[in-house]
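K.L.:
My structure is stored as model22.cif, with mmCIF, C-alpha atoms.
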```cif
data_model
loop_
_atom_site.group_PDB
_atom_site.id
_atom_site.type_symbol
_atom_site.label_atom_id
_atom_site.label_comp_id
_atom_site.auth_asym_id
_atom_site.auth_seq_id
_atom_site.Cartn_x
_atom_site.Cartn_y
_atom_site.Cartn_z
ATOM 1 C CA MET L 170 -6.223 20.745 21.009
ATOM 2 C CA LYS L 171 -5.171 18.465 23.878
ATOM 3 C CA LEU L 172 -1.924 16.529 23.735
ATOM 4 C CA VAL L 173 -2.245 12.982 24.981
ATOM 5 C CA ARG L 174 1.132 11.512 24.020
ATOM 6 C CA GLU L 175 4.658 12.465 22.993
ATOM 7 C CA ALA L 176 5.079 12.904 19.243
ATOM 8 C CA THR L 177 7.786 14.080 16.839
ATOM 9 C CA ALA L 178 7.826 15.490 13.302
ATOM 10 C CA GLY L 179 10.572 16.655 10.945
ATOM 11 C CA THR L 180 14.020 15.384 10.009
ATOM 12 C CA THR L 181 17.664 16.249 10.632
ATOM 13 C CA ASP L 182 18.111 17.213 6.940
ATOM 14 C CA ALA L 183 19.465 20.656 6.067
ATOM 15 C CA GLY L 184 16.688 23.246 6.140
ATOM 16 C CA ASP L 185 14.522 21.094 8.399
ATOM 17 C CA ILE L 186 13.736 21.018 12.098
ATOM 18 C CA VAL L 187 12.810 18.144 14.432
ATOM 19 C CA VAL L 188 9.948 19.146 16.704
ATOM 20 C CA THR L 189 8.949 16.971 19.672
ATOM 21 C CA VAL L 190 5.872 17.813 21.726
ATOM 22 C CA LEU L 191 4.883 16.415 25.123
ATOM 23 C CA PRO L 192 1.789 17.001 27.207
ATOM 24 C CA GLY L 193 2.569 19.729 29.742
ATOM 25 C CA ASP L 194 2.214 19.185 33.511
ATOM 26 C CA LYS L 195 1.011 22.762 34.037
ATOM 27 C CA PRO L 196 -0.806 25.393 31.923
ATOM 28 C CA GLY L 197 1.281 27.181 29.294
ATOM 29 C CA ILE L 198 3.615 26.306 26.458
ATOM 30 C CA THR L 199 7.340 25.866 27.106
ATOM 31 C CA VAL L 200 9.665 25.938 24.086
ATOM 32 C CA ASP L 201 13.195 24.550 24.258
ATOM 33 C CA LEU L 202 15.062 25.285 21.000
ATOM 34 C CA LYS L 203 18.483 23.894 20.132
ATOM 35 C CA GLY L 204 20.597 24.455 17.031
ATOM 36 C CA LYS L 205 23.652 26.300 15.732
ATOM 37 C CA SER L 206 24.531 29.078 18.150
ATOM 38 C CA VAL L 207 25.030 31.701 15.400
ATOM 39 C CA VAL L 208 21.530 31.005 14.086
ATOM 40 C CA LEU L 209 19.937 30.928 17.530
ATOM 41 C CA LYS L 210 21.664 34.161 18.535
ATOM 42 C CA GLN L 211 20.156 36.000 15.584
ATOM 43 C CA PHE L 212 16.847 34.184 15.006
ATOM 44 C CA GLY L 213 16.230 32.069 18.113
ATOM 45 C CA GLU L 214 13.604 34.293 19.703
ATOM 46 C CA GLN L 215 11.723 34.654 16.406
ATOM 47 C CA MET L 216 11.796 30.884 15.835
ATOM 48 C CA LYS L 217 10.507 30.221 19.337
ATOM 49 C CA ALA L 218 7.722 32.733 18.728
ATOM 50 C CA VAL L 219 6.717 30.900 15.525
ATOM 51 C CA ILE L 220 6.532 27.588 17.424
ATOM 52 C CA GLN L 221 4.593 29.206 20.270
ATOM 53 C CA LYS L 222 2.083 30.897 17.959
ATOM 54 C CA THR L 223 1.558 27.754 15.867
ATOM 55 C CA ALA L 224 0.716 25.809 19.028
ATOM 56 C CA GLU L 225 -1.579 28.554 20.325
ATOM 57 C CA ASP L 226 -3.384 28.842 16.986
ATOM 58 C CA LEU L 227 -4.117 25.105 17.199
ATOM 59 C CA GLY L 228 -5.684 25.625 20.633
ATOM 60 C CA VAL L 229 -2.883 23.993 22.631
ATOM 61 C CA GLU L 230 -3.009 25.206 26.223
ATOM 62 C CA SER L 231 -0.366 23.069 27.875
ATOM 63 C CA ALA L 232 2.731 21.585 26.249
ATOM 64 C CA ILE L 233 6.471 21.120 26.424
ATOM 65 C CA ILE L 234 7.954 21.594 22.950
ATOM 66 C CA LYS L 235 11.556 20.636 22.170
ATOM 67 C CA ALA L 236 13.012 21.565 18.797
ATOM 68 C CA GLN L 237 16.352 20.759 17.139
ATOM 69 C CA ASP L 238 16.913 23.216 14.296
ATOM 70 C CA ASN L 239 18.996 22.705 11.186
ATOM 71 C CA ALA L 240 18.414 26.109 9.544
ATOM 72 C CA ALA L 241 14.652 25.812 8.997
ATOM 73 C CA LEU L 242 12.640 28.717 7.611
ATOM 74 C CA ASP L 243 9.371 29.841 9.181
ATOM 75 C CA TYR L 244 7.146 27.738 6.932
ATOM 76 C CA THR L 245 9.013 24.576 7.874
ATOM 77 C CA ILE L 246 8.899 25.422 11.585
ATOM 78 C CA ARG L 247 5.129 25.953 11.346
ATOM 79 C CA ALA L 248 4.533 22.742 9.358
ATOM 80 C CA ARG L 249 6.643 20.504 11.601
ATOM 81 C CA THR L 250 5.184 21.999 14.805
ATOM 82 C CA ARG L 251 1.644 21.506 13.558
ATOM 83 C CA CYS L 252 2.407 17.951 12.433
ATOM 84 C CA ALA L 253 3.927 16.996 15.806
ATOM 85 C CA ILE L 254 0.916 18.466 17.644
ATOM 86 C CA GLU L 255 -1.571 16.641 15.413
ATOM 87 C CA ARG L 256 0.351 13.400 15.953
ATOM 88 C CA ALA L 257 0.250 13.947 19.725
ATOM 89 C CA ASN L 258 -3.503 14.580 19.724
ATOM 90 C CA MET J 257 4.360 24.034 -20.508
ATOM 91 C CA LYS J 258 7.559 22.471 -21.902
ATOM 92 C CA SER J 259 9.103 21.023 -18.735
ATOM 93 C CA LEU J 260 7.457 19.806 -15.526
ATOM 94 C CA MET J 261 10.019 18.825 -12.883
ATOM 95 C CA ILE J 262 9.133 16.261 -10.179
ATOM 96 C CA VAL J 263 10.291 17.044 -6.639
ATOM 97 C CA ASN J 264 9.792 15.415 -3.243
ATOM 98 C CA ALA J 265 7.276 17.521 -1.322
ATOM 99 C CA ASN J 266 8.599 16.553 2.113
ATOM 100 C CA ASN J 267 12.106 18.053 1.831
ATOM 101 C CA PRO J 268 12.388 21.737 2.856
ATOM 102 C CA LYS J 269 15.667 22.315 1.003
ATOM 103 C CA ILE J 270 14.285 20.862 -2.232
ATOM 104 C CA LEU J 271 11.136 22.977 -1.846
ATOM 105 C CA LEU J 272 13.347 26.058 -1.545
ATOM 106 C CA ASP J 273 15.692 25.202 -4.441
ATOM 107 C CA ALA J 274 13.141 23.830 -6.909
ATOM 108 C CA VAL J 275 12.615 27.158 -8.685
ATOM 109 C CA LEU J 276 16.296 27.444 -9.619
ATOM 110 C CA TYR J 277 16.350 24.813 -12.385
ATOM 111 C CA GLY J 278 14.434 26.746 -15.043
ATOM 112 C CA ALA J 279 11.495 24.351 -15.297
ATOM 113 C CA ASP J 280 8.202 25.821 -16.529
ATOM 114 C CA GLY J 281 6.354 23.799 -13.915
ATOM 115 C CA ILE J 282 7.231 22.056 -10.653
ATOM 116 C CA MET J 283 5.352 18.917 -9.673
ATOM 117 C CA PHE J 284 5.422 18.500 -5.888
ATOM 118 C CA ASP J 285 5.004 14.788 -5.255
ATOM 119 C CA LEU J 286 3.005 13.692 -2.221
ATOM 120 C CA ALA J 287 2.719 10.090 -3.431
ATOM 121 C CA ASP J 288 5.634 7.848 -4.459
ATOM 122 C CA SER J 289 8.381 10.098 -3.010
ATOM 123 C CA VAL J 290 6.855 10.133 0.464
ATOM 124 C CA PRO J 291 6.762 7.109 2.836
ATOM 125 C CA ASP J 292 3.340 6.170 4.262
ATOM 126 C CA THR J 293 4.396 7.297 7.748
ATOM 127 C CA GLU J 294 5.238 10.824 6.510
ATOM 128 C CA GLN J 295 2.122 11.546 4.447
ATOM 129 C CA ASP J 296 0.726 13.938 7.071
ATOM 130 C CA ALA J 297 4.057 15.768 7.397
ATOM 131 C CA ALA J 298 4.460 16.195 3.633
ATOM 132 C CA ARG J 299 0.949 17.615 3.168
ATOM 133 C CA LEU J 300 1.427 20.182 5.923
ATOM 134 C CA LEU J 301 4.922 21.161 4.744
ATOM 135 C CA LEU J 302 3.787 21.651 1.149
ATOM 136 C CA ALA J 303 0.727 23.668 2.189
ATOM 137 C CA GLU J 304 2.956 25.993 4.252
ATOM 138 C CA ALA J 305 5.637 26.211 1.532
ATOM 139 C CA LEU J 306 3.155 27.216 -1.180
ATOM 140 C CA ALA J 307 1.778 29.954 1.064
ATOM 141 C CA PHE J 308 5.225 31.213 2.186
ATOM 142 C CA LEU J 309 7.742 30.825 -0.665
ATOM 143 C CA ASP J 310 7.611 32.695 -3.982
ATOM 144 C CA TYR J 311 6.668 30.282 -6.762
ATOM 145 C CA SER J 312 5.192 32.988 -9.004
ATOM 146 C CA ALA J 313 7.725 32.267 -11.778
ATOM 147 C CA VAL J 314 6.572 28.644 -12.240
ATOM 148 C CA GLU J 315 3.381 26.642 -12.660
ATOM 149 C CA VAL J 316 2.805 24.892 -9.322
ATOM 150 C CA VAL J 317 1.504 21.343 -9.770
ATOM 151 C CA VAL J 318 0.703 18.979 -6.887
ATOM 152 C CA ARG J 319 0.706 15.223 -7.334
ATOM 153 C CA PRO J 320 -1.569 13.733 -4.671
ATOM 154 C CA ASN J 321 -1.986 10.065 -3.878
ATOM 155 C CA CYS J 322 -4.244 7.942 -6.100
ATOM 156 C CA PRO J 323 -7.977 8.687 -5.777
ATOM 157 C CA CYS J 324 -8.303 5.012 -4.814
ATOM 158 C CA GLN J 325 -6.485 5.792 -1.517
ATOM 159 C CA LYS J 326 -7.728 7.676 1.536
ATOM 160 C CA ASP J 327 -4.832 10.159 1.414
ATOM 161 C CA PHE J 328 -6.101 11.565 -1.907
ATOM 162 C CA GLU J 329 -8.909 13.552 -0.312
ATOM 163 C CA LEU J 330 -6.680 14.759 2.559
ATOM 164 C CA ASP J 331 -3.988 15.820 0.062
ATOM 165 C CA ILE J 332 -6.409 17.998 -1.922
ATOM 166 C CA LEU J 333 -8.246 19.429 1.093
ATOM 167 C CA THR J 334 -4.981 20.282 2.917
ATOM 168 C CA VAL J 335 -2.937 21.691 0.020
ATOM 169 C CA GLY J 336 -5.793 23.097 -2.112
ATOM 170 C CA PRO J 337 -6.315 26.204 0.065
ATOM 171 C CA SER J 338 -2.673 27.209 -0.682
ATOM 172 C CA LYS J 339 -3.792 27.749 -4.300
ATOM 173 C CA PRO J 340 -1.570 25.516 -6.438
ATOM 174 C CA CYS J 341 -2.158 25.970 -10.182
ATOM 175 C CA ASP J 342 -3.000 22.305 -10.808
ATOM 176 C CA PHE J 343 -3.487 18.902 -9.201
ATOM 177 C CA VAL J 344 -2.467 15.720 -10.981
ATOM 178 C CA VAL J 345 -5.097 12.950 -11.074
ATOM 179 C CA PRO J 346 -3.113 9.692 -10.788
ATOM 180 C CA MET J 347 -4.457 6.546 -12.496
ATOM 181 C CA ALA J 348 -6.907 8.848 -14.263
ATOM 182 C CA THR J 349 -10.362 7.678 -15.244
ATOM 183 C CA PRO J 350 -13.340 9.963 -16.005
ATOM 184 C CA GLU J 351 -14.693 9.077 -12.532
ATOM 185 C CA PHE J 352 -11.444 9.995 -10.752
ATOM 186 C CA VAL J 353 -11.266 13.302 -12.656
ATOM 187 C CA ALA J 354 -14.857 14.104 -11.631
ATOM 188 C CA GLN J 355 -14.019 13.154 -8.027
ATOM 189 C CA ALA J 356 -11.024 15.525 -8.004
ATOM 190 C CA ALA J 357 -13.100 18.316 -9.592
ATOM 191 C CA ALA J 358 -15.798 17.922 -6.920
ATOM 192 C CA LEU J 359 -13.185 18.208 -4.141
ATOM 193 C CA LEU J 360 -11.818 21.365 -5.759
ATOM 194 C CA ASP J 361 -15.366 22.806 -5.971
ATOM 195 C CA ARG J 362 -15.460 22.375 -2.186
ATOM 196 C CA VAL J 363 -11.953 23.817 -1.569
ATOM 197 C CA GLU J 364 -12.675 26.887 -3.694
ATOM 198 C CA ALA J 365 -16.085 27.511 -2.106
ATOM 199 C CA GLU J 366 -14.770 27.123 1.463
ATOM 200 C CA ASN J 367 -11.733 29.378 0.895
ATOM 201 C CA ASP J 368 -13.257 32.135 -1.256
ATOM 202 C CA LEU J 369 -11.153 31.152 -4.252
ATOM 203 C CA PRO J 370 -12.361 31.716 -7.842
ATOM 204 C CA ALA J 371 -14.557 28.785 -8.935
ATOM 205 C CA GLY J 372 -12.753 26.561 -11.422
ATOM 206 C CA GLY J 373 -9.419 28.321 -10.913
ATOM 207 C CA ILE J 374 -7.441 25.245 -9.833
ATOM 208 C CA ARG J 375 -6.889 22.990 -12.848
ATOM 209 C CA LEU J 376 -6.331 19.248 -13.276
ATOM 210 C CA ILE J 377 -3.665 17.217 -15.048
ATOM 211 C CA PRO J 378 -4.840 13.594 -15.420
ATOM 212 C CA SER J 379 -2.003 11.061 -15.473
ATOM 213 C CA ILE J 380 -2.433 8.218 -17.952
ATOM 214 C CA ASP J 381 -0.890 5.213 -16.201
ATOM 215 C CA SER J 382 -2.719 2.217 -17.685
ATOM 216 C CA ALA J 383 -4.001 0.619 -20.868
ATOM 217 C CA VAL J 384 -7.580 1.589 -20.079
ATOM 218 C CA GLY J 385 -6.387 5.140 -19.445
ATOM 219 C CA VAL J 386 -4.830 5.292 -22.903
ATOM 220 C CA GLU J 387 -7.967 3.945 -24.565
ATOM 221 C CA ASN J 388 -10.213 6.387 -22.629
ATOM 222 C CA VAL J 389 -7.992 9.474 -22.815
ATOM 223 C CA ALA J 390 -10.581 11.595 -24.676
ATOM 224 C CA ALA J 391 -13.232 10.757 -22.060
ATOM 225 C CA VAL J 392 -10.768 11.557 -19.267
ATOM 226 C CA ILE J 393 -10.129 14.988 -20.807
ATOM 227 C CA ALA J 394 -13.876 15.601 -21.277
ATOM 228 C CA ALA J 395 -14.681 14.671 -17.653
ATOM 229 C CA SER J 396 -14.027 18.210 -16.360
ATOM 230 C CA PRO J 397 -13.428 21.668 -17.834
ATOM 231 C CA ARG J 398 -10.625 21.932 -15.263
ATOM 232 C CA VAL J 399 -8.393 19.601 -17.306
ATOM 233 C CA ARG J 400 -5.508 21.759 -18.654
ATOM 234 C CA ALA J 401 -3.049 19.022 -19.720
ATOM 235 C CA VAL J 402 -2.524 15.267 -19.697
ATOM 236 C CA MET J 403 0.655 13.519 -18.610
ATOM 237 C CA PHE J 404 1.801 10.060 -19.641
ATOM 238 C CA ASN J 405 3.437 7.519 -17.314
ATOM 239 C CA ALA J 406 5.046 4.906 -19.553
ATOM 240 C CA LYS J 407 6.500 2.800 -16.730
ATOM 241 C CA GLU J 408 3.091 2.122 -15.184
ATOM 242 C CA PHE J 409 1.462 1.732 -18.598
ATOM 243 C CA LEU J 410 3.938 -0.975 -19.638
ATOM 244 C CA ALA J 411 3.625 -2.682 -16.249
ATOM 245 C CA ASP J 412 -0.153 -2.761 -16.744
ATOM 246 C CA LEU J 413 0.337 -4.330 -20.175
ATOM 247 C CA GLY J 414 2.787 -6.838 -18.723
ATOM 248 C CA ALA J 415 5.448 -5.666 -21.194
ATOM 249 C CA ALA J 416 9.098 -5.137 -20.308
ATOM 250 C CA ALA J 417 10.457 -1.718 -21.278
ATOM 251 C CA VAL J 418 12.647 -2.178 -24.371
ATOM 252 C CA GLY J 419 12.444 1.037 -26.392
ATOM 253 C CA ALA J 420 10.528 4.022 -27.703
ATOM 254 C CA GLU J 421 8.850 2.034 -30.506
ATOM 255 C CA GLN J 422 6.585 0.188 -28.062
ATOM 256 C CA LEU J 423 5.170 3.536 -26.860
ATOM 257 C CA VAL J 424 4.192 4.894 -30.289
ATOM 258 C CA TYR J 425 0.513 3.929 -30.081
ATOM 259 C CA ALA J 426 -0.025 5.217 -26.527
ATOM 260 C CA ARG J 427 1.943 8.400 -27.108
ATOM 261 C CA SER J 428 0.128 9.107 -30.383
ATOM 262 C CA LYS J 429 -3.280 8.519 -28.883
ATOM 263 C CA ILE J 430 -2.559 10.887 -25.963
ATOM 264 C CA ALA J 431 -0.896 13.588 -28.084
ATOM 265 C CA VAL J 432 -3.732 13.582 -30.654
ATOM 266 C CA ALA J 433 -6.478 13.673 -27.990
ATOM 267 C CA CYS J 434 -4.765 16.605 -26.235
ATOM 268 C CA HIS J 435 -4.283 18.468 -29.512
ATOM 269 C CA VAL J 436 -7.956 18.045 -30.402
ATOM 270 C CA ALA J 437 -8.950 19.321 -26.926
ATOM 271 C CA GLY J 438 -6.509 22.231 -27.177
ATOM 272 C CA ILE J 439 -4.566 21.287 -24.039
ATOM 273 C CA ASP J 440 -0.919 20.472 -23.264
ATOM 274 C CA SER J 441 0.446 16.934 -23.430
ATOM 275 C CA LEU J 442 3.351 16.001 -21.157
ATOM 276 C CA ASP J 443 5.433 12.971 -21.993
ATOM 277 C CA THR J 444 6.608 10.350 -19.514
ATOM 278 C CA PRO J 445 9.678 11.004 -17.319
ATOM 279 C CA TYR J 446 12.920 9.683 -18.810
ATOM 280 C CA THR J 447 14.893 7.352 -16.561
ATOM 281 C CA GLY J 448 17.644 5.996 -18.859
ATOM 282 C CA LYS J 449 21.227 7.145 -19.378
ATOM 283 C CA PRO J 450 21.549 10.957 -19.576
ATOM 284 C CA ASP J 451 22.743 11.006 -23.209
ATOM 285 C CA GLY J 452 19.476 9.376 -24.342
ATOM 286 C CA LEU J 453 17.197 12.123 -23.016
ATOM 287 C CA ALA J 454 17.223 14.387 -26.072
ATOM 288 C CA ALA J 455 16.334 11.504 -28.414
ATOM 289 C CA ASP J 456 13.527 10.310 -26.117
ATOM 290 C CA ALA J 457 12.098 13.821 -25.816
ATOM 291 C CA GLY J 458 12.455 14.270 -29.585
ATOM 292 C CA ALA J 459 10.499 11.053 -30.210
ATOM 293 C CA ALA J 460 7.640 12.366 -28.073
ATOM 294 C CA LYS J 461 7.737 15.765 -29.751
ATOM 295 C CA ALA J 462 7.605 14.121 -33.180
ATOM 296 C CA LEU J 463 4.337 12.430 -32.166
ATOM 297 C CA GLY J 464 2.833 15.738 -31.064
ATOM 298 C CA PHE J 465 3.674 16.100 -27.375
ATOM 299 C CA THR J 466 4.077 19.694 -26.178
ATOM 300 C CA GLY J 467 6.351 18.970 -23.197
ATOM 301 C CA LYS J 468 7.838 16.360 -20.903
ATOM 302 C CA VAL J 469 8.057 15.521 -17.230
ATOM 303 C CA ALA J 470 11.610 15.915 -15.857
ATOM 304 C CA SER J 471 12.586 13.342 -13.243
ATOM 305 C CA ASP J 472 15.275 15.685 -11.902
ATOM 306 C CA GLY J 473 16.597 19.204 -12.352
ATOM 307 C CA LYS J 474 19.467 18.143 -14.609
ATOM 308 C CA GLN J 475 16.959 17.153 -17.330
ATOM 309 C CA VAL J 476 15.210 20.520 -17.518
ATOM 310 C CA LYS J 477 17.603 22.326 -19.858
ATOM 311 C CA THR J 478 17.525 19.546 -22.472
ATOM 312 C CA ILE J 479 13.745 19.212 -22.302
ATOM 313 C CA ASN J 480 13.245 22.967 -22.661
ATOM 314 C CA ALA J 481 15.567 22.965 -25.684
ATOM 315 C CA VAL J 482 13.817 20.044 -27.421
ATOM 316 C CA PHE J 483 10.322 21.508 -26.980
ATOM 317 C CA ALA J 484 11.311 25.152 -27.613
#
```
Can you present the structure in this file as structure tokens?
P.N.:
Amino acid sequence: MKLVREATAGTTDAGDIVVTVLPGDKPGITVDLKGKSVVLKQFGEQMKAVIQKTAEDLGVESAIIKAQDNAALDYTIRARTRCAIERAN
Amino acid sequence: MKSLMIVNANNPKILLDAVLYGADGIMFDLADSVPDTEQDAARLLLAEALAFLDYSAVEVVVRPNCPCQKDFELDILTVGPSKPCDFVVPMATPEFVAQAAALLDRVEAENDLPAGGIRLIPSIDSAVGVENVAAVIAASPRVRAVMFNAKEFLADLGAAAVGAEQLVYARSKIAVACHVAGIDSLDTPYTGKPDGLAADAGAAKALGFTGKVASDGKQVKTINAVFA
């Protein structure tokens, strides 16, 4: 799936995550995750991996993905990432 | 099913907490609770939640948009593969029930799910719905219950809501048709002052209803007690 514009999905509510995707200027997917440091320290790498895999599974080859977490679980991260990518397509 | 609690399908925290209220069923709303601009987000979130979270202790019901809107088909095709127990059919007519059943035939065939496993709960929201309730039930063997929406029914009639007595005919007709068909009947959500809930639920039970829709978690305990 090719990204043609910037798009965002999700909210700042507790348990949610705001995911913004932009078309990348080079091949590959870059993930920039922000959130509470205690959460990121323990789960940050796993959360980034979920975002990365969701994008790859949708056939995204080049993207910059920025995410602002508010204690989202995996299913929410997947849903918001997919929604942002579909909106950017 | 005694209690069926409505929740907003686009809120991750609500999706996580919904099982804690003791409701027999949870109705995840993709329609009225979700703004038009978030329809896509809600569908995807609910599909992921149903596949990821443990809802095995409750009956999972999904309320899609009206079959008269384009989001209806997307709602069923996106969330159906996550195997909810039932889909509501808003503004139910025999045609809309058949349309929903045909979409579920497709979802089940494409995802190797048992044919006929996902059931339907038509929502009676209009005067013509009340008059045709038996035909709505007969429109598909998937129909496992009927729910009543008094607010929309009265709006269709052009009648202001004044009390339970004006609902006797519609409630009786729905409860009797469901009893004859051997399926559950779920009364309209109660939206008045909290201390009136037990009496409203009791009035529905007295006419033959088997349960009631809860508009929030605080109503579940009372509804379960009335229909126990």
K.L.:
Kindly determine which residues of chain L lie within 12 Å of chain J, considering only C-alpha atoms, and give the answer as a ChimeraX atom specification.
P.N.:
/L:177-188,223,239-256
K.L.:
Compare L:Gln221, L:Val207, L:Asp238, L:Ile233 by their minimum atom-to-atom distance to L:Ala257, counting only C-alpha atoms, and give me the closest one.
P.N.:
L:Ile233
K.L.:
In Å to one decimal, how far is atom CA of J:Ala416 from atom CA of J:Val384?
P.N.:
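Distance reported for this atom pair: 18.0 Å.
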K.L.:
Could you tell me which residues the PyMOL selection byres ((chain L and resi 225) around 12) returns for this structure, as a ChimeraX atom specification?
P.N.:
/L:170-171,197-199,218-224,226-232,247,250-251,254
K.L.:
Please, what distance in Å, to one decimal, runs between atom CA of J:Ala390 and atom CA of J:Ala433?
P.N.:
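Interatomic distance here is 5.7 Å.
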K.L.:
Expand the PyMOL selection byres ((chain L and resi 192) around 6) into the explicit residue set it covers here, and present it as a list of chain:residue names.
P.N.:
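Matching residues under the PyMOL selection byres ((chain L and resi 192) around 6) are L:Leu172, L:Leu191, L:Gly193, L:Ala232.
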K.L.:
Which residues come within 8 Å of J:Arg319, counting all atoms listed in the file, excluding same-chain residues fewer than 4 positions away, as a list of chain:residue names?
P.N.:
J:Met283, J:Phe284, J:Asp285, J:Leu286, J:Ala287, J:Phe343, J:Val344, J:Val345, J:Pro346
K.L.:
Between J:Asp342, J:Glu351, J:Glu366, J:Glu387, which is the closest to J:Val399 once you count all atoms listed in the file?
P.N.:
J:Asp342
K.L.:
Do you have the atom CA of J:Val263-atom CA of J:Gly473 distance handy?
P.N.:
8.8 Å
K.L.:
Could you check the closest approach to J:Ile377 for each of J:Ala420, J:Val436, J:Asp361, J:Leu260 and tell me which residue wins, using all atoms listed in the file?
P.N.:
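Closest to J:Ile377 of all the choices is J:Leu260.
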K.L.:
Out of L:Val200, L:Met216, L:Ile234, L:Ala176, which residue has the shortest atom-to-atom distance to L:Asn258 when counting all atoms listed in the file?
P.N.:
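With all atoms listed in the file as the atom set, the closest residue is L:Ala176.
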K.L.:
Which is closer to J:Leu442 than all the others in J:Pro291, J:Gly419, J:Gly467, J:Gly385, using all atoms listed in the file?
P.N.:
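Checking each candidate against J:Leu442, we get J:Gly467 as the closest.
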K.L.:
Give the centre and edge lengths of an axis-aligned box, in Å to one decimal, that holds all listed atoms of stretch 197-214 of chain L with 4 Å on each side, as AutoDock Vina command-line options.
P.N.:
```
--center_x 13.2 --center_y 29.9 --center_z 21.7 --size_x 31.7 --size_y 20.1 --size_z 23.2
```
K.L.:
For J:Arg375, which residue among J:Ala481, J:Ala431, J:Ala411, J:Ile439 is the nearest when counting all atoms listed in the file?
P.N.:
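So, comparing all the options, the nearest one is J:Ile439.
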K.L.:
Report as an MDAnalysis selection string the residues that result from applying the PyMOL selection byres ((chain J and resi 478) around 12) to the structure here.
P.N.:
chainID J and resid 258:259 277:279 446 450:458 467:470 472:477 479:484
K.L.:
Next, the residues of the selection above should be written as a PDB file, keeping the file's coordinate frame with C-alpha atoms.
P.N.:
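And here's selection24.pdb as it stands now:
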```
ATOM      1  CA  LYS J 258       7.559  22.471 -21.902  1.00  0.00           C
ATOM      2  CA  SER J 259       9.103  21.023 -18.735  1.00  0.00           C
ATOM      3  CA  TYR J 277      16.350  24.813 -12.385  1.00  0.00           C
ATOM      4  CA  GLY J 278      14.434  26.746 -15.043  1.00  0.00           C
ATOM      5  CA  ALA J 279      11.495  24.351 -15.297  1.00  0.00           C
ATOM      6  CA  TYR J 446      12.920   9.683 -18.810  1.00  0.00           C
ATOM      7  CA  PRO J 450      21.549  10.957 -19.576  1.00  0.00           C
ATOM      8  CA  ASP J 451      22.743  11.006 -23.209  1.00  0.00           C
ATOM      9  CA  GLY J 452      19.476   9.376 -24.342  1.00  0.00           C
ATOM     10  CA  LEU J 453      17.197  12.123 -23.016  1.00  0.00           C
ATOM     11  CA  ALA J 454      17.223  14.387 -26.072  1.00  0.00           C
ATOM     12  CA  ALA J 455      16.334  11.504 -28.414  1.00  0.00           C
ATOM     13  CA  ASP J 456      13.527  10.310 -26.117  1.00  0.00           C
ATOM     14  CA  ALA J 457      12.098  13.821 -25.816  1.00  0.00           C
ATOM     15  CA  GLY J 458      12.455  14.270 -29.585  1.00  0.00           C
ATOM     16  CA  GLY J 467       6.351  18.970 -23.197  1.00  0.00           C
ATOM     17  CA  LYS J 468       7.838  16.360 -20.903  1.00  0.00           C
ATOM     18  CA  VAL J 469       8.057  15.521 -17.230  1.00  0.00           C
ATOM     19  CA  ALA J 470      11.610  15.915 -15.857  1.00  0.00           C
ATOM     20  CA  ASP J 472      15.275  15.685 -11.902  1.00  0.00           C
ATOM     21  CA  GLY J 473      16.597  19.204 -12.352  1.00  0.00           C
ATOM     22  CA  LYS J 474      19.467  18.143 -14.609  1.00  0.00           C
ATOM     23  CA  GLN J 475      16.959  17.153 -17.330  1.00  0.00           C
ATOM     24  CA  VAL J 476      15.210  20.520 -17.518  1.00  0.00           C
ATOM     25  CA  LYS J 477      17.603  22.326 -19.858  1.00  0.00           C
ATOM     26  CA  ILE J 479      13.745  19.212 -22.302  1.00  0.00           C
ATOM     27  CA  ASN J 480      13.245  22.967 -22.661  1.00  0.00           C
ATOM     28  CA  ALA J 481      15.567  22.965 -25.684  1.00  0.00           C
ATOM     29  CA  VAL J 482      13.817  20.044 -27.421  1.00  0.00           C
ATOM     30  CA  PHE J 483      10.322  21.508 -26.980  1.00  0.00           C
ATOM     31  CA  ALA J 484      11.311  25.152 -27.613  1.00  0.00           C
TER      32      ALA J 484
END
```
